[in-house]
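Engineer: For reference, the file upload_36.cif (mmCIF, C-alpha atoms and all ligand atoms; chains and numbers go by the auth columns) is included below:
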data_upload
loop_
_atom_site.group_PDB
_atom_site.id
_atom_site.type_symbol
_atom_site.label_atom_id
_atom_site.label_comp_id
_atom_site.label_asym_id
_atom_site.label_seq_id
_atom_site.Cartn_x
_atom_site.Cartn_y
_atom_site.Cartn_z
_atom_site.B_iso_or_equiv
_atom_site.auth_seq_id
_atom_site.auth_asym_id
ATOM 1 C CA MET A 1 0.000 0.000 0.000 0.00 616 A
ATOM 2 C CA ASP A 2 2.920 2.285 -0.668 0.00 617 A
ATOM 3 C CA LEU A 3 1.857 5.402 -2.543 0.00 618 A
ATOM 4 C CA ARG A 4 4.935 7.563 -2.435 0.00 619 A
ATOM 5 C CA ASN A 5 3.605 10.516 -4.381 0.00 620 A
ATOM 6 C CA GLY A 6 0.181 10.557 -2.734 0.00 621 A
ATOM 7 C CA PHE A 7 -1.717 9.898 -5.985 0.00 622 A
ATOM 8 C CA ASP A 8 -5.080 8.376 -5.097 0.00 623 A
ATOM 9 C CA ILE A 9 -5.206 5.286 -7.318 0.00 624 A
ATOM 10 C CA LYS A 10 -8.255 3.919 -5.478 0.00 625 A
ATOM 11 C CA ARG A 11 -10.387 6.859 -6.588 0.00 626 A
ATOM 12 C CA TYR A 12 -10.012 5.787 -10.230 0.00 627 A
ATOM 13 C CA ILE A 13 -11.195 2.205 -9.688 0.00 628 A
ATOM 14 C CA ARG A 14 -14.895 1.773 -10.452 0.00 629 A
ATOM 15 C CA THR A 15 -17.002 -0.722 -8.494 0.00 630 A
ATOM 16 C CA ILE A 16 -19.807 -2.564 -10.287 0.00 631 A
ATOM 17 C CA PRO A 17 -22.066 -4.310 -7.737 0.00 632 A
ATOM 18 C CA ASP A 18 -23.448 -7.777 -8.567 0.00 633 A
ATOM 19 C CA TYR A 19 -21.172 -8.384 -11.584 0.00 634 A
ATOM 20 C CA PRO A 20 -20.696 -11.008 -12.960 0.00 635 A
ATOM 21 C CA LYS A 21 -23.155 -12.471 -10.441 0.00 636 A
ATOM 22 C CA PRO A 22 -25.113 -11.376 -7.350 0.00 637 A
ATOM 23 C CA GLY A 23 -22.974 -10.590 -4.323 0.00 638 A
ATOM 24 C CA ILE A 24 -19.732 -9.851 -6.214 0.00 639 A
ATOM 25 C CA MET A 25 -18.353 -6.324 -6.100 0.00 640 A
ATOM 26 C CA PHE A 26 -16.462 -6.152 -9.390 0.00 641 A
ATOM 27 C CA ARG A 27 -13.441 -3.836 -9.140 0.00 642 A
ATOM 28 C CA ASP A 28 -13.178 -2.386 -12.632 0.00 643 A
ATOM 29 C CA ILE A 29 -9.752 -0.984 -13.555 0.00 644 A
ATOM 30 C CA THR A 30 -10.757 0.242 -17.040 0.00 645 A
ATOM 31 C CA THR A 31 -11.447 3.669 -15.511 0.00 646 A
ATOM 32 C CA LEU A 32 -7.952 3.683 -13.959 0.00 647 A
ATOM 33 C CA LEU A 33 -6.315 2.606 -17.238 0.00 648 A
ATOM 34 C CA ALA A 34 -8.188 5.287 -19.206 0.00 649 A
ATOM 35 C CA ASP A 35 -6.876 8.100 -17.018 0.00 650 A
ATOM 36 C CA LEU A 36 -3.417 9.256 -18.143 0.00 651 A
ATOM 37 C CA HIS A 37 -2.233 9.973 -14.602 0.00 652 A
ATOM 38 C CA GLY A 38 -3.941 6.896 -13.153 0.00 653 A
ATOM 39 C CA PHE A 39 -2.374 4.452 -15.603 0.00 654 A
ATOM 40 C CA ARG A 40 1.095 5.905 -15.162 0.00 655 A
ATOM 41 C CA ALA A 41 0.801 6.001 -11.359 0.00 656 A
ATOM 42 C CA ALA A 42 -0.358 2.385 -11.225 0.00 657 A
ATOM 43 C CA VAL A 43 2.455 1.148 -13.490 0.00 658 A
ATOM 44 C CA ASP A 44 5.119 3.189 -11.687 0.00 659 A
ATOM 45 C CA GLU A 45 3.928 2.010 -8.268 0.00 660 A
ATOM 46 C CA LEU A 46 3.886 -1.631 -9.382 0.00 661 A
ATOM 47 C CA ALA A 47 7.406 -1.320 -10.808 0.00 662 A
ATOM 48 C CA TRP A 48 9.299 0.835 -8.295 0.00 663 A
ATOM 49 C CA PRO A 49 10.382 -1.888 -5.787 0.00 664 A
ATOM 50 C CA PHE A 50 12.039 -3.728 -8.699 0.00 665 A
ATOM 51 C CA LEU A 51 13.918 -0.856 -10.345 0.00 666 A
ATOM 52 C CA LYS A 52 17.247 -2.038 -8.947 0.00 667 A
ATOM 53 C CA GLY A 53 17.256 -4.795 -11.530 0.00 668 A
ATOM 54 C CA GLU A 54 16.812 -8.110 -9.717 0.00 669 A
ATOM 55 C CA ILE A 55 14.144 -9.122 -12.259 0.00 670 A
ATOM 56 C CA ASP A 56 14.869 -10.919 -15.560 0.00 671 A
ATOM 57 C CA TYR A 57 11.281 -11.042 -16.905 0.00 672 A
ATOM 58 C CA VAL A 58 7.822 -9.775 -16.101 0.00 673 A
ATOM 59 C CA ALA A 59 5.068 -12.408 -16.464 0.00 674 A
ATOM 60 C CA GLY A 60 1.463 -11.228 -16.787 0.00 675 A
ATOM 61 C CA ILE A 61 -1.761 -13.184 -16.391 0.00 676 A
ATOM 62 C CA GLU A 62 -4.386 -12.890 -19.163 0.00 677 A
ATOM 63 C CA ALA A 63 -6.057 -10.484 -19.716 0.00 678 A
ATOM 64 C CA ARG A 64 -5.690 -7.475 -17.441 0.00 679 A
ATOM 65 C CA GLY A 65 -2.267 -8.662 -16.319 0.00 680 A
ATOM 66 C CA PHE A 66 -1.144 -8.185 -19.948 0.00 681 A
ATOM 67 C CA ILE A 67 -1.986 -4.475 -19.965 0.00 682 A
ATOM 68 C CA LEU A 68 -0.284 -3.770 -16.648 0.00 683 A
ATOM 69 C CA GLY A 69 2.505 -6.338 -16.999 0.00 684 A
ATOM 70 C CA GLY A 70 3.504 -5.137 -20.467 0.00 685 A
ATOM 71 C CA ALA A 71 3.823 -1.578 -19.213 0.00 686 A
ATOM 72 C CA VAL A 72 5.736 -2.702 -16.094 0.00 687 A
ATOM 73 C CA ALA A 73 8.136 -4.732 -18.269 0.00 688 A
ATOM 74 C CA HIS A 74 8.732 -1.675 -20.450 0.00 689 A
ATOM 75 C CA THR A 75 9.305 0.488 -17.360 0.00 690 A
ATOM 76 C CA LEU A 76 11.843 -2.006 -15.972 0.00 691 A
ATOM 77 C CA GLY A 77 13.530 -2.528 -19.355 0.00 692 A
ATOM 78 C CA ARG A 78 12.751 -6.237 -19.307 0.00 693 A
ATOM 79 C CA GLY A 79 10.945 -8.711 -21.530 0.00 694 A
ATOM 80 C CA PHE A 80 7.358 -9.845 -21.029 0.00 695 A
ATOM 81 C CA ILE A 81 6.061 -13.429 -20.752 0.00 696 A
ATOM 82 C CA PRO A 82 2.322 -14.125 -21.201 0.00 697 A
ATOM 83 C CA ILE A 83 0.472 -16.630 -19.021 0.00 698 A
ATOM 84 C CA ARG A 84 -2.709 -17.452 -20.943 0.00 699 A
ATOM 85 C CA LYS A 85 -5.990 -19.292 -20.696 0.00 700 A
ATOM 86 C CA LYS A 86 -5.877 -22.863 -22.033 0.00 701 A
ATOM 87 C CA GLY A 87 -5.527 -23.282 -25.811 0.00 702 A
ATOM 88 C CA LYS A 88 -4.336 -19.764 -26.725 0.00 703 A
ATOM 89 C CA LEU A 89 -0.549 -20.120 -26.960 0.00 704 A
ATOM 90 C CA PRO A 90 0.762 -21.461 -30.296 0.00 705 A
ATOM 91 C CA ALA A 91 3.939 -23.357 -29.357 0.00 706 A
ATOM 92 C CA ARG A 92 4.458 -26.205 -26.873 0.00 707 A
ATOM 93 C CA VAL A 93 2.988 -25.344 -23.464 0.00 708 A
ATOM 94 C CA ILE A 94 2.886 -26.527 -19.906 0.00 709 A
ATOM 95 C CA GLY A 95 -0.400 -26.094 -18.064 0.00 710 A
ATOM 96 C CA GLN A 96 -1.594 -25.804 -14.508 0.00 711 A
ATOM 97 C CA GLU A 97 -5.116 -26.451 -13.243 0.00 712 A
ATOM 98 C CA TYR A 98 -6.600 -24.428 -10.421 0.00 713 A
ATOM 99 C CA ALA A 99 -9.859 -24.531 -8.524 0.00 714 A
ATOM 100 C CA LEU A 100 -12.698 -22.123 -9.216 0.00 715 A
ATOM 101 C CA GLU A 101 -15.766 -21.742 -7.022 0.00 716 A
ATOM 102 C CA TYR A 102 -17.421 -24.359 -9.242 0.00 717 A
ATOM 103 C CA GLY A 103 -15.044 -26.597 -11.182 0.00 718 A
ATOM 104 C CA VAL A 104 -11.516 -26.027 -12.444 0.00 719 A
ATOM 105 C CA ASP A 105 -9.704 -23.868 -14.989 0.00 720 A
ATOM 106 C CA THR A 106 -6.280 -24.129 -16.625 0.00 721 A
ATOM 107 C CA ILE A 107 -3.610 -21.551 -17.440 0.00 722 A
ATOM 108 C CA GLU A 108 -0.629 -22.185 -19.700 0.00 723 A
ATOM 109 C CA ILE A 109 2.853 -20.869 -20.435 0.00 724 A
ATOM 110 C CA HIS A 110 5.163 -21.648 -23.357 0.00 725 A
ATOM 111 C CA ALA A 111 7.421 -24.506 -22.312 0.00 726 A
ATOM 112 C CA ASP A 112 10.532 -22.592 -23.458 0.00 727 A
ATOM 113 C CA ALA A 113 9.559 -19.141 -22.128 0.00 728 A
ATOM 114 C CA ILE A 114 11.587 -19.420 -18.911 0.00 729 A
ATOM 115 C CA LYS A 115 15.100 -20.800 -18.433 0.00 730 A
ATOM 116 C CA LYS A 116 16.357 -22.357 -15.218 0.00 731 A
ATOM 117 C CA GLY A 117 17.120 -19.655 -12.655 0.00 732 A
ATOM 118 C CA ASP A 118 15.287 -16.807 -14.442 0.00 733 A
ATOM 119 C CA ARG A 119 13.965 -14.313 -11.904 0.00 734 A
ATOM 120 C CA ILE A 120 10.334 -13.451 -12.546 0.00 735 A
ATOM 121 C CA LEU A 121 8.005 -10.679 -11.393 0.00 736 A
ATOM 122 C CA LEU A 122 4.371 -11.833 -11.697 0.00 737 A
ATOM 123 C CA ILE A 123 1.697 -9.196 -12.422 0.00 738 A
ATOM 124 C CA ASP A 124 -2.111 -9.213 -12.369 0.00 739 A
ATOM 125 C CA ASP A 125 -4.726 -6.553 -11.707 0.00 740 A
ATOM 126 C CA LEU A 126 -6.254 -8.080 -8.577 0.00 741 A
ATOM 127 C CA ILE A 127 -5.680 -10.822 -6.034 0.00 742 A
ATOM 128 C CA ALA A 128 -8.764 -12.384 -4.436 0.00 743 A
ATOM 129 C CA THR A 129 -8.452 -16.024 -3.295 0.00 744 A
ATOM 130 C CA GLY A 130 -5.016 -16.352 -4.891 0.00 745 A
ATOM 131 C CA GLY A 131 -6.071 -19.361 -6.979 0.00 746 A
ATOM 132 C CA THR A 132 -5.041 -17.821 -10.306 0.00 747 A
ATOM 133 C CA ALA A 133 -1.765 -16.309 -9.090 0.00 748 A
ATOM 134 C CA GLY A 134 -0.959 -19.482 -7.137 0.00 749 A
ATOM 135 C CA ALA A 135 -1.307 -21.542 -10.337 0.00 750 A
ATOM 136 C CA ALA A 136 0.865 -19.023 -12.224 0.00 751 A
ATOM 137 C CA ILE A 137 3.554 -19.331 -9.525 0.00 752 A
ATOM 138 C CA ASP A 138 3.447 -23.135 -9.823 0.00 753 A
ATOM 139 C CA LEU A 139 3.846 -22.839 -13.621 0.00 754 A
ATOM 140 C CA ILE A 140 6.826 -20.486 -13.317 0.00 755 A
ATOM 141 C CA ARG A 141 8.495 -22.744 -10.759 0.00 756 A
ATOM 142 C CA ARG A 142 7.844 -25.874 -12.844 0.00 757 A
ATOM 143 C CA SER A 143 9.519 -24.031 -15.753 0.00 758 A
ATOM 144 C CA GLY A 144 12.638 -23.555 -13.615 0.00 759 A
ATOM 145 C CA GLY A 145 11.999 -19.891 -12.801 0.00 760 A
ATOM 146 C CA GLU A 146 12.245 -18.129 -9.475 0.00 761 A
ATOM 147 C CA VAL A 147 9.263 -15.948 -8.501 0.00 762 A
ATOM 148 C CA VAL A 148 10.898 -12.859 -7.006 0.00 763 A
ATOM 149 C CA ALA A 149 7.527 -11.257 -6.201 0.00 764 A
ATOM 150 C CA ALA A 150 3.909 -10.963 -7.278 0.00 765 A
ATOM 151 C CA ALA A 151 2.414 -7.475 -7.707 0.00 766 A
ATOM 152 C CA PHE A 152 -1.220 -6.433 -8.031 0.00 767 A
ATOM 153 C CA VAL A 153 -3.037 -3.112 -8.162 0.00 768 A
ATOM 154 C CA ILE A 154 -5.837 -4.411 -5.917 0.00 769 A
ATOM 155 C CA ASP A 155 -5.839 -6.688 -2.883 0.00 770 A
ATOM 156 C CA LEU A 156 -9.033 -8.185 -1.425 0.00 771 A
ATOM 157 C CA PRO A 157 -7.449 -9.163 1.901 0.00 772 A
ATOM 158 C CA ASP A 158 -10.595 -10.785 3.312 0.00 773 A
ATOM 159 C CA LEU A 159 -10.281 -13.506 0.642 0.00 774 A
ATOM 160 C CA GLY A 160 -6.792 -14.466 1.822 0.00 775 A
ATOM 161 C CA GLY A 161 -4.950 -14.557 -1.514 0.00 776 A
ATOM 162 C CA ALA A 162 -1.971 -12.434 -0.475 0.00 777 A
ATOM 163 C CA ALA A 163 -1.517 -14.546 2.665 0.00 778 A
ATOM 164 C CA LYS A 164 -1.679 -17.691 0.518 0.00 779 A
ATOM 165 C CA LEU A 165 1.100 -16.418 -1.758 0.00 780 A
ATOM 166 C CA LYS A 166 3.232 -15.432 1.248 0.00 781 A
ATOM 167 C CA SER A 167 2.836 -18.992 2.569 0.00 782 A
ATOM 168 C CA LYS A 168 4.319 -20.115 -0.789 0.00 783 A
ATOM 169 C CA ASN A 169 7.333 -17.892 0.026 0.00 784 A
ATOM 170 C CA VAL A 170 6.438 -15.231 -2.525 0.00 785 A
ATOM 171 C CA LYS A 171 6.765 -11.520 -1.727 0.00 786 A
ATOM 172 C CA VAL A 172 3.499 -9.694 -2.420 0.00 787 A
ATOM 173 C CA HIS A 173 3.277 -6.045 -3.487 0.00 788 A
ATOM 174 C CA THR A 174 -0.194 -4.432 -3.701 0.00 789 A
ATOM 175 C CA LEU A 175 -1.277 -0.821 -4.170 0.00 790 A
ATOM 176 C CA VAL A 176 -4.831 -0.565 -2.774 0.00 791 A
ATOM 177 C CA GLY A 177 -7.145 -2.772 -0.713 0.00 792 A
ATOM 178 C CA PHE A 178 -10.919 -3.227 -0.639 0.00 793 A
ATOM 179 C CA GLU A 179 -12.801 -4.920 2.183 0.00 794 A
ATOM 180 C CA GLY A 180 -15.054 -7.870 1.389 0.00 795 A
ATOM 181 C CA HIS A 181 -15.514 -9.634 -1.938 0.00 796 A
HETATM 182 P P1 LIG B . -8.409 -15.239 -7.534 0.00 1 B
HETATM 183 O O1 LIG B . -7.887 -16.352 -8.393 0.00 1 B
HETATM 184 O O2 LIG B . -9.573 -15.642 -6.671 0.00 1 B
HETATM 185 O O3 LIG B . -7.308 -14.548 -6.744 0.00 1 B
HETATM 186 O O4 LIG B . -9.024 -14.153 -8.531 0.00 1 B
HETATM 187 C C1 LIG B . -8.197 -13.296 -9.228 0.00 1 B
HETATM 188 C C2 LIG B . -8.589 -13.147 -10.672 0.00 1 B
HETATM 189 O O5 LIG B . -10.003 -12.983 -10.839 0.00 1 B
HETATM 190 C C3 LIG B . -7.937 -11.905 -11.252 0.00 1 B
HETATM 191 O O6 LIG B . -7.484 -12.198 -12.569 0.00 1 B
HETATM 192 C C4 LIG B . -9.044 -10.864 -11.241 0.00 1 B
HETATM 193 O O7 LIG B . -9.000 -10.083 -12.407 0.00 1 B
HETATM 194 C C5 LIG B . -10.355 -11.645 -11.147 0.00 1 B
HETATM 195 N N1 LIG B . -11.221 -11.173 -10.030 0.00 1 B
HETATM 196 C C6 LIG B . -11.548 -11.878 -8.904 0.00 1 B
HETATM 197 N N2 LIG B . -12.383 -11.174 -8.112 0.00 1 B
HETATM 198 C C7 LIG B . -12.573 -9.983 -8.725 0.00 1 B
HETATM 199 C C8 LIG B . -13.316 -8.784 -8.393 0.00 1 B
HETATM 200 N N3 LIG B . -14.033 -8.673 -7.246 0.00 1 B
HETATM 201 N N4 LIG B . -13.267 -7.736 -9.248 0.00 1 B
HETATM 202 C C9 LIG B . -12.544 -7.825 -10.402 0.00 1 B
HETATM 203 N N5 LIG B . -11.841 -8.913 -10.770 0.00 1 B
HETATM 204 C C10 LIG B . -11.844 -9.986 -9.966 0.00 1 B
#
Output the file's structure in the form of structure tokens.

Structural biologist:
Amino acid sequence: MDLRNGFDIKRYIRTIPDYPKPGIMFRDITTLLADLHGFRAAVDELAWPFLKGEIDYVAGIEARGFILGGAVAHTLGRGFIPIRKKGKLPARVIGQEYALEYGVDTIEIHADAIKKGDRILLIDDLIATGGTAGAAIDLIRRSGGEVVAAAFVIDLPDLGGAAKLKSKNVKVHTLVGFEGH
């Protein structure tokens, strides 16, 4: 929750109640991304702990993690690695299943995207239960990479995702928090 320059990122995040289903408060970052100051502040704040150069690649989770992760990679002067929904990547992949509220989903990474010992910063827009990011961490580790940290604009601390990642020995960097779901 480190906002060095005092820019109020939270103000630019729009909440849509009951989307995509009743009871969910959807935290919509399109309003943050559309604001020139908001987008820059979010990217700079995600990137600043990693400016010293201990990162080899930024990995982003489809789809909002691509927008933020691509910009963070550019800011850090590093390459970007996409982690995609099943069936989207063209070359050989490795996949990781993770639990949803009902059923399972799979994310994939190119099998040759990460070399042994590569140091990775993982980016997504929001961490809730940590299921998605946890699967991405497992994929990166199975590829031989080291997850230096995972960074998100939004934390929903009541859902325990950040704590889950910390229990996997991953440093977690988040910019704003919202109570509840
Ligand atoms: P989880 O795997 O439970 O940590 O959920 C994180 C993923 O689901 C991220 O890719 C988010 O974009 C999306 N997500 C989960 N809950 C919300 C929410 N309340 N508002 C917006 N996106 C959400």

Engineer: Determine, for each residue of chain A having at least one atom at most 9 Å from an atom of ligand LIG 1 (chain B), the closest pair of atoms and their separation in Å to one decimal, counting only C-alpha atoms and all ligand atoms; order by chain and ascending number, as JSON lines.

Structural biologist:
{"residue": "A:Thr630", "atom": "CA", "partner": "B:LIG1", "partner_atom": "N4", "distance": 8.0}
{"residue": "A:Ile631", "atom": "CA", "partner": "B:LIG1", "partner_atom": "N4", "distance": 8.4}
{"residue": "A:Tyr634", "atom": "CA", "partner": "B:LIG1", "partner_atom": "N4", "distance": 8.3}
{"residue": "A:Pro635", "atom": "CA", "partner": "B:LIG1", "partner_atom": "N4", "distance": 8.9}
{"residue": "A:Ile639", "atom": "CA", "partner": "B:LIG1", "partner_atom": "N3", "distance": 5.9}
{"residue": "A:Met640", "atom": "CA", "partner": "B:LIG1", "partner_atom": "N3", "distance": 5.0}
{"residue": "A:Phe641", "atom": "CA", "partner": "B:LIG1", "partner_atom": "N4", "distance": 3.6}
{"residue": "A:Arg642", "atom": "CA", "partner": "B:LIG1", "partner_atom": "N4", "distance": 3.9}
{"residue": "A:Asp643", "atom": "CA", "partner": "B:LIG1", "partner_atom": "C9", "distance": 5.9}
{"residue": "A:Ile644", "atom": "CA", "partner": "B:LIG1", "partner_atom": "C9", "distance": 8.0}
{"residue": "A:Ile676", "atom": "CA", "partner": "B:LIG1", "partner_atom": "O6", "distance": 7.0}
{"residue": "A:Glu677", "atom": "CA", "partner": "B:LIG1", "partner_atom": "O6", "distance": 7.3}
{"residue": "A:Ala678", "atom": "CA", "partner": "B:LIG1", "partner_atom": "O6", "distance": 7.5}
{"residue": "A:Arg679", "atom": "CA", "partner": "B:LIG1", "partner_atom": "O7", "distance": 6.6}
{"residue": "A:Gly680", "atom": "CA", "partner": "B:LIG1", "partner_atom": "O6", "distance": 7.3}
{"residue": "A:Tyr713", "atom": "CA", "partner": "B:LIG1", "partner_atom": "O1", "distance": 8.4}
{"residue": "A:Ala714", "atom": "CA", "partner": "B:LIG1", "partner_atom": "O1", "distance": 8.4}
{"residue": "A:Leu715", "atom": "CA", "partner": "B:LIG1", "partner_atom": "O1", "distance": 7.6}
{"residue": "A:Glu716", "atom": "CA", "partner": "B:LIG1", "partner_atom": "O2", "distance": 8.7}
{"residue": "A:Asp739", "atom": "CA", "partner": "B:LIG1", "partner_atom": "O6", "distance": 6.1}
{"residue": "A:Asp740", "atom": "CA", "partner": "B:LIG1", "partner_atom": "O7", "distance": 5.6}
{"residue": "A:Leu741", "atom": "CA", "partner": "B:LIG1", "partner_atom": "C4", "distance": 4.8}
{"residue": "A:Ile742", "atom": "CA", "partner": "B:LIG1", "partner_atom": "O3", "distance": 4.1}
{"residue": "A:Ala743", "atom": "CA", "partner": "B:LIG1", "partner_atom": "O3", "distance": 3.5}
{"residue": "A:Thr744", "atom": "CA", "partner": "B:LIG1", "partner_atom": "O2", "distance": 3.6}
{"residue": "A:Gly745", "atom": "CA", "partner": "B:LIG1", "partner_atom": "O3", "distance": 3.5}
{"residue": "A:Gly746", "atom": "CA", "partner": "B:LIG1", "partner_atom": "O1", "distance": 3.8}
{"residue": "A:Thr747", "atom": "CA", "partner": "B:LIG1", "partner_atom": "O1", "distance": 3.7}
{"residue": "A:Ala748", "atom": "CA", "partner": "B:LIG1", "partner_atom": "O1", "distance": 6.2}
{"residue": "A:Gly749", "atom": "CA", "partner": "B:LIG1", "partner_atom": "O1", "distance": 7.7}
{"residue": "A:Ala750", "atom": "CA", "partner": "B:LIG1", "partner_atom": "O1", "distance": 8.6}
{"residue": "A:Ile769", "atom": "CA", "partner": "B:LIG1", "partner_atom": "C9", "distance": 8.8}
{"residue": "A:Asp770", "atom": "CA", "partner": "B:LIG1", "partner_atom": "O3", "distance": 8.9}
{"residue": "A:Leu771", "atom": "CA", "partner": "B:LIG1", "partner_atom": "N3", "distance": 7.7}
{"residue": "A:Leu774", "atom": "CA", "partner": "B:LIG1", "partner_atom": "O2", "distance": 7.7}
{"residue": "A:Gly775", "atom": "CA", "partner": "B:LIG1", "partner_atom": "O3", "distance": 8.6}
{"residue": "A:Gly776", "atom": "CA", "partner": "B:LIG1", "partner_atom": "O3", "distance": 5.7}
{"residue": "A:Ala777", "atom": "CA", "partner": "B:LIG1", "partner_atom": "O3", "distance": 8.5}
{"residue": "A:Gly795", "atom": "CA", "partner": "B:LIG1", "partner_atom": "N3", "distance": 8.7}
{"residue": "A:His796", "atom": "CA", "partner": "B:LIG1", "partner_atom": "N3", "distance": 5.6}

Engineer: What residues come out when you apply the PyMOL selection byres (((chain A and resi 690-692) around 12) and not hetatm) to this file, written as an mmCIF file with C-alpha atoms, in the frame of the given file?

Structural biologist:
data_model
loop_
_atom_site.group_PDB
_atom_site.id
_atom_site.type_symbol
_atom_site.label_atom_id
_atom_site.label_comp_id
_atom_site.auth_asym_id
_atom_site.auth_seq_id
_atom_site.Cartn_x
_atom_site.Cartn_y
_atom_site.Cartn_z
ATOM 1 C CA ARG A 655 1.095 5.905 -15.162
ATOM 2 C CA ALA A 656 0.801 6.001 -11.359
ATOM 3 C CA ALA A 657 -0.358 2.385 -11.225
ATOM 4 C CA VAL A 658 2.455 1.148 -13.490
ATOM 5 C CA ASP A 659 5.119 3.189 -11.687
ATOM 6 C CA GLU A 660 3.928 2.010 -8.268
ATOM 7 C CA LEU A 661 3.886 -1.631 -9.382
ATOM 8 C CA ALA A 662 7.406 -1.320 -10.808
ATOM 9 C CA TRP A 663 9.299 0.835 -8.295
ATOM 10 C CA PRO A 664 10.382 -1.888 -5.787
ATOM 11 C CA PHE A 665 12.039 -3.728 -8.699
ATOM 12 C CA LEU A 666 13.918 -0.856 -10.345
ATOM 13 C CA LYS A 667 17.247 -2.038 -8.947
ATOM 14 C CA GLY A 668 17.256 -4.795 -11.530
ATOM 15 C CA GLU A 669 16.812 -8.110 -9.717
ATOM 16 C CA ILE A 670 14.144 -9.122 -12.259
ATOM 17 C CA ASP A 671 14.869 -10.919 -15.560
ATOM 18 C CA TYR A 672 11.281 -11.042 -16.905
ATOM 19 C CA VAL A 673 7.822 -9.775 -16.101
ATOM 20 C CA LEU A 683 -0.284 -3.770 -16.648
ATOM 21 C CA GLY A 684 2.505 -6.338 -16.999
ATOM 22 C CA GLY A 685 3.504 -5.137 -20.467
ATOM 23 C CA ALA A 686 3.823 -1.578 -19.213
ATOM 24 C CA VAL A 687 5.736 -2.702 -16.094
ATOM 25 C CA ALA A 688 8.136 -4.732 -18.269
ATOM 26 C CA HIS A 689 8.732 -1.675 -20.450
ATOM 27 C CA ARG A 693 12.751 -6.237 -19.307
ATOM 28 C CA GLY A 694 10.945 -8.711 -21.530
ATOM 29 C CA PHE A 695 7.358 -9.845 -21.029
ATOM 30 C CA LEU A 736 8.005 -10.679 -11.393
#

Engineer: Quote the spacing between atom CA of A:Lys731 and atom CA of A:Val762 in Å to one decimal place.

Structural biologist: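 Value for the atom CA of A:Lys731-atom CA of A:Val762 distance: 11.7 Å.
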
Engineer: Please provide as a VMD selection string all residues within 6 Å of stretch 783-791 of chain A, with the sequence filter that same-chain residues fewer than 3 positions apart are discarded (counting all atoms listed in the file).

Structural biologist: chain A and resid 616 764 to 769 780

Engineer: What would the file look like if the residues just selected were written as a PDB file, keeping the file's coordinate frame with C-alpha atoms?

Structural biologist:
ATOM      1  CA  MET A 616       0.000   0.000   0.000  1.00  0.00           C
ATOM      2  CA  ALA A 764       7.527 -11.257  -6.201  1.00  0.00           C
ATOM      3  CA  ALA A 765       3.909 -10.963  -7.278  1.00  0.00           C
ATOM      4  CA  ALA A 766       2.414  -7.475  -7.707  1.00  0.00           C
ATOM      5  CA  PHE A 767      -1.220  -6.433  -8.031  1.00  0.00           C
ATOM      6  CA  VAL A 768      -3.037  -3.112  -8.162  1.00  0.00           C
ATOM      7  CA  ILE A 769      -5.837  -4.411  -5.917  1.00  0.00           C
ATOM      8  CA  LEU A 780       1.100 -16.418  -1.758  1.00  0.00           C
TER       9      LEU A 780
END

Engineer: Report, in Å to a single decimal, how far apart atom CA of A:Leu647 and atom CA of A:Asp633 are.

Structural biologist: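 Atom-to-atom, atom CA of A:Asp633 to atom CA of A:Leu647, that is 20.0 Å.
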
Engineer: So how many Å separate atom CA of A:Arg626 and atom CA of A:Lys779, to one decimal?

Structural biologist: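 These two atoms are separated by 27.0 Å.
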